[in-house]
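Beneath this line is the structure, given in structure tokens, with notes to follow.
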Protein chains: 2
Amino acid sequence: MVQPCPAAAGMTVDTIETPALVVDLDTYERNLDRMAAILHDKPVRLRPHAKTHKSPAIALDQIARGAVGACSQKISEAEILVAGGIKDVLISNQVVGAAKIARVAALASRARIGICVDDAGNARDLGAAAVAAGNRIDVLVEIEVGGQRCGVAPGAAAVELARIVASTSGLRFRGLQAYHGGAQHIRDHAERRDAIERAAESTRTTIAALKEAGLECPIVAGGGTGSLMIDLELGVLNELQAGSYIFMDADYGAAGTTGLAPGFENSLFVLATVMSAPRPGIAIADAGLKAMTFESGPPRVEKPAGIRYAGPSDEHGNLELAPGLSLSLGDRLWLIPGHCDPTVNLYDWYVGVRGDRVERIWPVAARGAGA
Amino acid sequence: MVQPCPAAAGMTVDTIETPALVVDLDTYERNLDRMAAILHDKPVRLRPHAKTHKSPAIALDQIARGAVGACSQKISEAEILVAGGIKDVLISNQVVGAAKIARVAALASRARIGICVDDAGNARDLGAAAVAAGNRIDVLVEIEVGGQRCGVAPGAAAVELARIVASTSGLRFRGLQAYHGGAQHIRDHAERRDAIERAAESTRTTIAALKEAGLECPIVAGGGTGSLMIDLELGVLNELQAGSYIFMDADYGAAGTTGLAPGFENSLFVLATVMSAPRPGIAIADAGLKAMTFESGPPRVEKPAGIRYAGPSDEHGNLELAPGLSLSLGDRLWLIPGHCDPTVNLYDWYVGVRGDRVERIWPVAARGAGA
């Protein structure tokens, strides 16, 4: 259920109730501008992934800087994006089941809707639903380019599925989805580059095979924040789906992605409070497993300096302090979450701050939209 | 923001939209009854922890079976429990900051409210707020019994803080909070027993020191599902705070807790759907990092048999199938989450099922109530 907002515009930052999901607006806007600058003279489109932020307001900020629309990962997310004013949404994922497929087809009455498929039966189901709704759905065939997740094999299998899509009423074959999720976070830059190069090679081969089969492939989609500069250099993808660049996180920091995509900075924080300082060298924060997710490791403590977030329990964070340092009850902590996307999904509200003031409050509109 | 409910009472289970948080009502009720039977002739009170379920409806089910009230971990949770009809809530944690402390004091007008302290200044702030509100707050002094989290040292430090509480207007010293969170999940049963025995010994010593100082200690609170049978045998705690027993999870399963507290069964599931079956031996579920938390490991696949949840990404779960097994798009999966508490906190709705029917839908009313 929706919880009360932890702040109001005009308040000072030190009165925000914690834990809170805080966006440093100056940094967030610099990240948006930086991406626009990086892509300015490149022959690619940007369709940022809304699974990071789950917010039509942020998608509109991205579109205002040149993005062509948004990606969502779920039909429920897509519905919320469209309701929030986004007119062009790619569901960069498979949607199965009659009820959800009917929702995809219905949504195509209200916006331009694309979707990914990796199964012929699923494609036919989507086509039938689109015909029943009197709409047409754009389809990308997803190929497996090393992520070992969804997607048909590159080459012949992709061509076969593309042929089925192209010949199915209600569908329009638009190209390929070629995303390598796992590669985004590979720590070793040479290994990451190698994985992305192999993905690009699979994609190139598939585009050529499609062409040979008489199928044009206007959209070649994929990419993330961790592969951005490599994707631009390789030039195979023409529609990029990076999402995390607006916020960044401790895992991308540890993966040296800031170095790869120069200039993206941490703009997203979990603001926490010291609730206990029971022994020298130790303090306890009011933010644990329900305030951040930990599958990519603990948060980094941005402020104050000299503090390590040693480990969580459900509602506690154990802090280890550098020698000589002490914290008092009520002291504030600025935590950079390990992984931005699932952490955002824990909160109902973004608290946007500029300097020491709360400036903008907006909902995480698609929080919990997992269906 | 609140998402639409994935089911309605009367529907068949196979029409629940996924991912969904499903409670098997027969099993859930057996767990409730089992706890009542275990405690039936024991000189202890049960105050189950609502941080597990975040639901006044479940707290009322527990009270109907003899629980004396509920624990919460946050003031926001306590407010929602009281609004839902719970008349006796212990906030088994520290609450700091003037605004939150005023909320604690205000809530004591509407229900019996207890709280834990481990700091003299915090105790004085609570007392002043209670006096200002014309109320009285019950206080347990939290002692550190091995969990290395909040709490003053057992013995003299606890007596000193208890004296301050007892002499502070607006507060009533009621006893000790002596919870060893970390011990609940220790895999080796002898080690777990050893940790709990040491916690009990620290607690016993502190009770004796309080008595010597002329302070009665009517409540000695703590305990969890993982230490239940040991706590009952040792007989030091007289108010037990177990929470997970209603649902259980894969981590408690791996820790052999079912063996220690005979009869508690997994009643909580994340219902998921196969969204892609791209290669032999592999399938992809529609439930990943936003449908469960993974800090205690991946979910166990309860049904169908022969499937291992190998790893998540944000909205995907990679499944490995036993040789010869295959899954089709749309097939359902019953997943036992690694850790029940933070997984529940991802969902707006419980879907209660009995046999193949949805029987009861109720909100996760305190979802996201982290403040």
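As shown in the structure tokens, the chain order sets the letters A, B, ...; within each chain, residues go from 1, and ligands are also counted from 1 in the order they appear.
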Next item on the list: Give the residues of chain B that lie within 7 Å of chain A; count only C-alpha atoms, and format the answer as a VMD selection string.
Entry: chain B and resid 1 to 3 17 to 19 94 to 97 149 to 152 275 to 276 278 284 289 to 290 294 to 295 314 318 329 to 330 342 345 to 348 364 to 371
Checklist line | Polymer residues at most 9 Å from Leu234 in chain A, only C-alpha atoms, same-chain spacing of 3 or more positions, as a PyMOL selection string | finding: chain A and resi 196-197+200+229-231+237
Next item on the list: For Ala156 in chain B, please output as a PyMOL selection string all residues within 8 Å (counting only C-alpha atoms; exclusion window: fewer than 4 positions along the same chain).
Entry: chain B and resi 160+206+209
Margin query: Residues near Leu81 in chain A, anyone? I mean within 9 Å using only C-alpha atoms, not counting same-chain ones fewer than 3 positions away, as a ChimeraX atom specification.
Written below: /A:50,54-57,59,70,72,76-78,84-87,89,365-366
Output for the residues just chosen: N, CA and C atoms as an mmCIF file, in the first residue's frame:
```cif
data_model
loop_
_atom_site.group_PDB
_atom_site.id
_atom_site.type_symbol
_atom_site.label_atom_id
_atom_site.label_comp_id
_atom_site.auth_asym_id
_atom_site.auth_seq_id
_atom_site.Cartn_x
_atom_site.Cartn_y
_atom_site.Cartn_z
ATOM 1 N N ALA A 50 12.818 2.172 -18.709
ATOM 2 C CA ALA A 50 12.054 2.674 -17.561
ATOM 3 C C ALA A 50 12.004 1.675 -16.420
ATOM 4 N N LYS A 54 10.818 3.504 -13.272
ATOM 5 C CA LYS A 54 9.388 3.244 -13.100
ATOM 6 C C LYS A 54 8.583 4.537 -12.958
ATOM 7 N N SER A 55 8.949 5.530 -13.729
ATOM 8 C CA SER A 55 8.355 6.857 -13.564
ATOM 9 C C SER A 55 8.121 7.528 -14.902
ATOM 10 N N PRO A 56 6.863 7.781 -15.282
ATOM 11 C CA PRO A 56 6.609 8.539 -16.507
ATOM 12 C C PRO A 56 7.258 9.918 -16.470
ATOM 13 N N ALA A 57 7.342 10.523 -15.293
ATOM 14 C CA ALA A 57 7.941 11.865 -15.201
ATOM 15 C C ALA A 57 9.398 11.831 -15.639
ATOM 16 N N ALA A 59 10.720 9.488 -17.619
ATOM 17 C CA ALA A 59 10.716 9.187 -19.054
ATOM 18 C C ALA A 59 10.490 10.465 -19.863
ATOM 19 N N ALA A 70 10.281 5.095 -24.550
ATOM 20 C CA ALA A 70 10.786 4.385 -23.377
ATOM 21 C C ALA A 70 10.711 2.890 -23.623
ATOM 22 N N SER A 72 9.856 -0.634 -21.456
ATOM 23 C CA SER A 72 9.391 -1.198 -20.196
ATOM 24 C C SER A 72 9.704 -2.682 -20.231
ATOM 25 N N SER A 76 2.352 -4.176 -17.352
ATOM 26 C CA SER A 76 1.844 -3.255 -16.320
ATOM 27 C C SER A 76 2.659 -1.964 -16.290
ATOM 28 N N GLU A 77 3.970 -2.068 -16.468
ATOM 29 C CA GLU A 77 4.815 -0.865 -16.546
ATOM 30 C C GLU A 77 4.458 -0.039 -17.781
ATOM 31 N N ALA A 78 4.249 -0.730 -18.900
ATOM 32 C CA ALA A 78 3.928 -0.021 -20.136
ATOM 33 C C ALA A 78 2.623 0.754 -19.987
ATOM 34 N N GLY A 84 0.897 7.948 -18.262
ATOM 35 C CA GLY A 84 1.651 9.136 -17.860
ATOM 36 C C GLY A 84 2.134 9.977 -19.030
ATOM 37 N N GLY A 85 1.705 9.644 -20.244
ATOM 38 C CA GLY A 85 1.986 10.531 -21.373
ATOM 39 C C GLY A 85 3.064 10.068 -22.335
ATOM 40 N N ILE A 86 3.584 8.850 -22.168
ATOM 41 C CA ILE A 86 4.603 8.354 -23.095
ATOM 42 C C ILE A 86 3.887 7.712 -24.284
ATOM 43 N N LYS A 87 4.220 8.168 -25.484
ATOM 44 C CA LYS A 87 3.454 7.766 -26.661
ATOM 45 C C LYS A 87 4.087 6.635 -27.450
ATOM 46 N N VAL A 89 6.242 3.102 -26.582
ATOM 47 C CA VAL A 89 6.835 2.220 -25.569
ATOM 48 C C VAL A 89 7.172 0.876 -26.193
ATOM 49 N N ALA A 365 5.662 5.670 -9.912
ATOM 50 C CA ALA A 365 4.300 5.331 -10.338
ATOM 51 C C ALA A 365 4.136 3.841 -10.626
ATOM 52 N N ALA A 366 5.180 3.209 -11.146
ATOM 53 C CA ALA A 366 5.083 1.786 -11.496
ATOM 54 C C ALA A 366 5.762 0.901 -10.441
#
```
Note to self: Report as an NGL selection string all protein, DNA and RNA residues lying within 9 Å of range 187-193 of chain B, evaluated on only C-alpha atoms, omitting residues in the same chain fewer than 3 positions from it.
What the structure shows: :B and (183-184 or 196-198 or 226-227 or 230 or 252 or 254-257 or 260)
Notebook entry, point to check: Can you tell me, as a list in words, what residues are no more than 10 Å from Asp26 in chain B when counting only C-alpha atoms, ignoring any on the same chain fewer than 3 positions away?
Noted result: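 Here the qualifying residues turn out to be Val23, Glu29, Arg30, Asn31, Ser267, Gly352, Val353, Arg354 and Gly355 of chain B.
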